[in-house]
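Next comes start.cif, a file with mmCIF, C-alpha atoms.
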```cif
data_model
loop_
_atom_site.label_atom_id
_atom_site.label_comp_id
_atom_site.auth_asym_id
_atom_site.auth_seq_id
_atom_site.Cartn_x
_atom_site.Cartn_y
_atom_site.Cartn_z
CA MET A 1 0.00 0.00 0.00
CA PRO A 2 1.39 3.42 -0.93
CA PHE A 3 2.44 5.68 1.98
CA GLY A 4 -0.29 8.29 1.35
CA GLU A 5 -3.03 5.70 1.27
CA GLU A 6 -1.72 4.13 4.52
CA LYS A 7 -1.76 7.54 6.25
CA THR A 8 -5.30 8.17 5.05
CA ALA A 9 -6.37 4.76 6.33
CA LEU A 10 -4.92 5.54 9.78
CA VAL A 11 -6.37 9.05 10.03
CA SER A 12 -9.87 8.03 9.03
CA PRO A 13 -10.50 5.77 12.10
CA ILE A 14 -9.00 8.44 14.36
CA HIS A 15 -11.36 11.07 12.96
CA THR A 16 -14.25 8.67 13.39
CA SER A 17 -13.28 8.01 17.02
CA VAL A 18 -12.90 11.74 17.76
CA HIS A 19 -16.25 12.52 16.21
CA GLY A 20 -17.85 9.70 18.19
CA ALA A 21 -16.33 10.94 21.44
CA ILE A 22 -17.47 14.53 20.78
CA LEU A 23 -20.98 13.29 19.98
CA ALA A 24 -21.09 11.19 23.16
CA LEU A 25 -19.91 14.12 25.29
CA ALA A 26 -22.49 16.38 23.68
CA LEU A 27 -25.24 13.88 24.39
CA LEU A 28 -24.10 13.58 28.04
CA ALA A 29 -24.01 17.38 28.41
CA VAL A 30 -27.50 17.76 26.95
CA SER A 31 -28.80 14.96 29.18
CA GLY A 32 -27.20 16.58 32.25
CA MET A 33 -28.67 19.99 31.41
CA ALA A 34 -32.10 18.44 30.97
CA GLY A 35 -31.78 16.67 34.31
CA ALA A 36 -30.63 19.88 36.01
CA GLU A 37 -33.50 21.80 34.45
CA THR A 38 -35.94 19.18 35.70
CA LEU A 39 -34.42 19.38 39.19
CA VAL A 40 -34.70 23.16 39.32
CA ILE A 41 -38.17 23.63 37.89
CA GLY A 42 -39.73 20.57 39.52
CA PRO A 43 -42.06 21.13 42.50
CA PRO A 44 -40.23 21.13 45.86
CA SER A 45 -40.70 18.09 48.06
CA ARG A 46 -43.33 18.64 50.76
CA VAL A 47 -42.45 17.81 54.36
CA GLU A 48 -45.24 15.81 55.93
CA VAL A 49 -46.72 17.60 58.97
CA PRO A 50 -49.18 15.73 61.22
CA LYS A 51 -52.64 17.17 61.81
CA LEU A 52 -53.06 15.54 65.22
CA GLU A 53 -50.53 15.00 68.01
CA LEU A 54 -50.99 13.10 71.28
CA ARG A 55 -48.41 13.35 74.05
CA ALA A 56 -47.71 11.79 77.42
CA PHE A 57 -45.28 13.78 79.57
CA GLY A 58 -43.54 13.98 82.91
CA GLY A 59 -41.55 16.64 84.70
CA ILE A 60 -42.87 19.45 86.88
CA ALA A 61 -46.25 17.91 86.07
CA LEU A 62 -47.40 14.47 84.94
CA GLY A 63 -50.12 14.14 82.37
CA ALA A 64 -51.14 14.06 78.72
CA GLY A 65 -51.89 16.52 75.97
CA ALA A 66 -53.21 16.89 72.46
CA ALA A 67 -52.65 19.33 69.63
CA GLY A 68 -54.41 19.72 66.31
CA SER A 69 -53.93 21.80 63.17
CA ILE A 70 -56.70 23.01 60.88
CA LEU A 71 -57.09 25.22 57.81
CA ASP A 72 -54.04 23.73 56.06
CA HIS A 73 -51.96 24.14 59.24
CA ARG A 74 -52.73 27.84 59.53
CA LEU A 75 -54.33 27.46 62.95
CA ARG A 76 -53.05 25.24 65.76
CA LEU A 77 -54.77 24.33 69.05
CA GLU A 78 -52.94 22.83 72.06
CA LEU A 79 -54.24 21.50 75.39
CA SER A 80 -52.53 19.62 78.24
CA GLU A 81 -53.88 18.32 81.56
CA GLY A 82 -52.06 16.77 84.49
CA TRP A 83 -51.20 16.90 88.16
CA VAL A 84 -48.27 18.25 90.13
CA PRO A 85 -46.39 15.42 91.87
CA GLY A 86 -45.69 15.80 95.57
CA LYS A 87 -48.31 18.51 96.09
CA ALA A 88 -51.74 18.05 97.65
CA ASN A 89 -54.51 18.86 95.19
CA GLY A 90 -51.87 19.69 92.62
CA HIS A 91 -53.51 20.36 89.27
CA TYR A 92 -51.90 21.51 86.01
CA THR A 93 -53.59 22.88 82.86
CA GLU A 94 -52.03 24.51 79.83
CA GLY A 95 -53.52 25.54 76.49
CA ALA A 96 -52.66 27.70 73.51
CA VAL A 97 -53.90 28.95 70.16
CA LEU A 98 -51.33 29.61 67.42
CA ALA A 99 -51.79 31.26 64.02
CA ARG A 100 -49.24 30.89 61.23
CA ILE A 101 -48.20 34.28 59.84
CA ALA A 102 -45.20 33.41 57.64
CA GLY A 103 -43.61 30.33 56.10
CA THR A 104 -44.77 26.83 55.25
CA PRO A 105 -46.47 24.33 57.58
CA SER A 106 -43.09 22.68 58.22
CA ASN A 107 -41.05 25.86 58.72
CA ALA A 108 -42.96 28.87 59.94
CA LEU A 109 -43.35 31.79 62.31
CA TRP A 110 -46.49 31.82 64.46
CA VAL A 111 -48.19 34.16 66.89
CA ARG A 112 -49.31 32.56 70.14
CA ALA A 113 -51.87 33.22 72.88
CA GLY A 114 -51.70 30.85 75.82
CA PHE A 115 -53.06 30.01 79.26
CA GLN A 116 -51.63 28.10 82.21
CA ARG A 117 -53.13 27.19 85.58
CA ILE A 118 -51.30 25.57 88.49
CA ALA A 119 -53.35 24.92 91.62
CA MET A 120 -52.15 23.22 94.79
CA THR A 121 -52.41 23.15 98.57
CA LEU A 122 -49.27 24.42 100.28
CA SER A 123 -48.01 23.25 103.67
CA CYS A 124 -47.13 26.22 105.90
CA TYR A 125 -45.39 25.77 109.26
CA ASP A 126 -46.80 29.02 110.66
CA ARG A 127 -50.49 28.44 109.93
CA SER A 128 -53.01 26.14 108.31
CA ASN A 129 -52.43 24.90 104.80
CA VAL A 130 -53.00 27.47 102.07
CA ASP A 131 -54.59 26.92 98.66
CA ASP A 132 -52.86 28.58 95.74
CA ASP A 133 -54.46 28.98 92.33
CA ALA A 134 -52.15 30.76 89.89
CA ARG A 135 -53.49 31.55 86.41
CA ALA A 136 -51.20 32.97 83.75
CA PHE A 137 -52.01 34.37 80.32
CA ASP A 138 -49.31 34.88 77.70
CA VAL A 139 -48.89 36.31 74.21
CA GLY A 140 -45.86 36.02 71.98
CA ALA A 141 -44.25 34.42 68.96
CA ALA A 142 -43.24 30.86 68.11
CA TYR A 143 -40.96 29.36 65.50
CA ARG A 144 -41.63 25.76 64.46
CA HIS A 145 -39.42 23.70 62.16
CA ARG A 146 -39.95 20.07 61.13
CA SER A 147 -37.27 18.30 59.11
CA PRO A 148 -37.97 15.85 56.26
CA ALA A 149 -37.00 13.04 58.68
CA GLY A 150 -39.74 14.14 61.10
CA HIS A 151 -37.58 15.78 63.77
CA LEU A 152 -39.10 18.87 65.37
CA PHE A 153 -37.68 22.07 66.86
CA VAL A 154 -39.81 24.74 68.53
CA ALA A 155 -38.75 28.07 70.09
CA GLU A 156 -41.21 30.39 71.87
CA LEU A 157 -40.85 33.86 73.37
CA GLY A 158 -43.46 36.15 74.87
CA ALA A 159 -44.81 38.11 77.80
CA GLU A 160 -47.09 36.79 80.54
CA SER A 161 -49.49 38.16 83.13
CA LEU A 162 -50.27 36.12 86.24
CA ARG A 163 -53.09 36.54 88.71
CA ARG A 164 -54.41 34.80 91.80
CA ASP A 165 -57.33 35.77 94.04
CA GLN A 166 -55.08 37.48 96.58
CA ALA A 167 -51.44 37.86 97.55
CA LEU A 168 -50.12 34.72 99.17
CA GLY A 169 -47.78 34.30 102.13
CA CYS A 170 -46.57 31.02 103.51
CA SER A 171 -43.55 30.07 105.66
CA ASP A 172 -41.84 33.48 105.38
CA SER A 173 -42.32 33.57 101.59
CA ALA A 174 -44.80 35.60 99.58
CA VAL A 175 -46.02 36.08 96.03
CA ASP A 176 -48.13 38.90 94.62
CA ALA A 177 -51.73 38.65 93.53
CA ARG A 178 -50.79 40.30 90.21
CA SER A 179 -47.47 40.04 88.44
CA THR A 180 -45.99 40.12 84.95
CA GLY A 181 -42.95 38.51 83.38
CA VAL A 182 -41.34 36.89 80.39
CA ARG A 183 -42.06 33.44 79.03
CA VAL A 184 -39.40 31.57 77.02
CA GLY A 185 -39.21 27.95 75.98
CA VAL A 186 -37.66 25.47 73.55
CA LEU A 187 -38.78 22.00 72.52
CA GLY A 188 -36.91 19.33 70.62
CA GLN A 189 -38.40 16.10 69.31
CA LEU A 190 -36.53 13.10 67.93
CA ALA A 191 -38.49 11.05 65.41
CA LEU A 192 -38.28 7.32 66.08
CA GLY A 193 -40.51 6.33 63.19
CA HIS A 194 -43.29 7.54 60.96
CA SER A 195 -45.65 8.49 63.80
CA ILE A 196 -43.76 8.30 67.09
CA GLY A 197 -41.07 10.39 68.75
CA LEU A 198 -39.38 11.37 71.99
CA PHE A 199 -39.48 15.02 73.06
CA GLY A 200 -37.99 17.29 75.68
CA ARG A 201 -39.06 20.78 76.64
CA LEU A 202 -37.24 23.46 78.66
CA GLY A 203 -38.72 26.79 79.65
CA LEU A 204 -38.83 29.63 82.12
CA ARG A 205 -41.64 31.92 83.34
CA THR A 206 -40.58 34.93 85.40
CA ALA A 207 -43.87 36.10 86.96
CA ASP A 208 -44.64 35.22 90.63
CA HIS A 209 -45.61 31.60 90.12
CA LEU A 210 -44.04 29.83 93.08
CA LEU A 211 -43.22 30.68 96.65
CA GLU A 212 -39.55 31.17 97.57
CA ILE A 213 -38.25 31.27 93.99
CA SER A 214 -41.14 33.18 92.31
CA ILE A 215 -40.11 32.06 88.82
CA LEU A 216 -41.36 28.85 87.28
CA PRO A 217 -38.70 26.69 85.59
CA GLU A 218 -40.34 24.26 83.18
CA LEU A 219 -38.93 20.83 82.44
CA PHE A 220 -40.88 18.18 80.55
CA GLY A 221 -40.07 15.02 78.67
CA GLY A 222 -42.16 12.30 77.12
CA ILE A 223 -43.40 10.46 74.08
CA ALA A 224 -45.43 11.80 71.15
CA PHE A 225 -47.79 10.00 68.78
CA GLU A 226 -48.59 11.78 65.50
CA MET A 227 -51.10 11.19 62.74
#
```
Let me see the file written as structure tokens.
Amino acid sequence: MPFGEEKTALVSPIHTSVHGAILALALLAVSGMAGAETLVIGPPSRVEVPKLELRAFGGIALGAGAAGSILDHRLRLELSEGWVPGKANGHYTEGAVLARIAGTPSNALWVRAGFQRIAMTLSCYDRSNVDDDARAFDVGAAYRHRSPAGHLFVAELGAESLRRDQALGCSDSAVDARSTGVRVGVLGQLALGHSIGLFGRLGLRTADHLLEISILPELFGGIAFEM
């Protein structure tokens, strides 16, 4: 075979291979761009948020609670009932109404109006036992975030106003009939499955809730069932 024909025979397969490689790369690039475009313009994944929550808790009070969301999670209602361990006639009630003002059901800012009542009979060394019935009303804001895995984080901050029928004195301690303060709290919940989780809640109320220390530190932990 003449030298020119041999060179042409060698170059032709090389050109074919180069053209094939360029075509393959172009097809991969177009496919990647199409996939990226689909990823960008596709609807975002929706985090599933339960409409009903049931909780059993322990801590400064022992009891159970329920919470429900309506109107596409724009309105949330919460209610808990229990008793105060170690206190005669110790009764605990807490409720709240929350309205979503910004964000999605899984990641949003809410406004909150709440109520708490702690009633108990106190043992006083200087006189007969005294009944205390402290009722607190609060308003504030709440941030709630639920991850795609179902974990939950809640932070709340607001102001509270507490009232009881009259000022209370017992064993050289006293609390006012009317007082105001700050309410702050955080809650974290670890999802154990599709509809069950473990939660912990820490908080502080600074109005005259309790004798001797006045403030009310809040500590709760328990199990949550969601649906």
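In this model, the gap between atom CA of Ala155 of chain A and atom CA of Ala102 of chain A comes to 15.0 Å.
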In terms of the shortest atom-to-atom distance over all atoms listed in the file, which of A:Leu190, A:Leu204, A:Leu219, A:Asp172 is closest to Arg127 of chain A?
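The shortest atom-to-atom distance to Arg127 of chain A comes from A:Asp172.
Between atom CA of Glu81 of chain A and atom CA of Val175 of chain A there is a distance of 24.2 Å.
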From the list A:Phe199, A:Phe137, A:Phe57, A:Trp110, which residue is nearest Arg164 of chain A when using all atoms listed in the file?
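Distance minimum relative to Arg164 of chain A lands on A:Phe137.
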Please list as an NGL selection string every residue within 10 Å of Gly63 of chain A, counting only C-alpha atoms and excluding residues in the same chain fewer than 3 positions away.
:A and (55-59 or 80-84 or 91-93 or 222)
Just give me the residues with any atom within 8 Å of (-51.0, 26.4, 60.5), file coordinates, counting all atoms listed in the file, written as number ranges by chain.
A: 69-76, 98-100, 105
How far is it from atom CA of Pro217 of chain A to atom CA of Gln166 of chain A, in Å with one decimal?
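The value is 22.5 Å.
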Nearest to Glu53 of chain A by atom-to-atom distance, counting all atoms listed in the file, from A:Val186, A:Met227, A:Leu109, A:Ala142
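Nearest to Glu53 of chain A: A:Met227.
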Nearest residue to Cys170 of chain A from the set A:Cys124, A:Ala136, A:Ala207, A:Leu198 (distances using all atoms listed in the file)
A:Cys124
Find the residues around Arg183 of chain A up to 7 Å (all atoms listed in the file counted), leave out those fewer than 4 positions away in its own chain, and share them as a count of residues only.
7
Using all atoms listed in the file, which of A:Leu122, A:Asn129, A:Val111, A:Ile60 sits nearest Leu216 of chain A?
A:Ile60
Spatial neighbours of Ala119 of chain A, 8 Å, all atoms listed in the file, chain gap at least 6 places, as a ChimeraX atom specification:
/A:89-92,131-134
Excluding same-chain residues fewer than 5 positions from Leu52 of chain A, what lies within 9 Å of it counting all atoms listed in the file, as a compact mmCIF listing (two decimals) with C-alpha atoms, in the coordinates of the input?
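Wrote result-v2.txt, looks like this:
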```
# COMPACT_ATOMS: atom_id res chain seq x y z
CA ALA A 66 -53.21 16.89 72.46
CA ALA A 67 -52.65 19.33 69.63
CA GLY A 68 -54.41 19.72 66.31
CA SER A 69 -53.93 21.80 63.17
CA PHE A 225 -47.79 10.00 68.78
CA GLU A 226 -48.59 11.78 65.50
CA MET A 227 -51.10 11.19 62.74
```
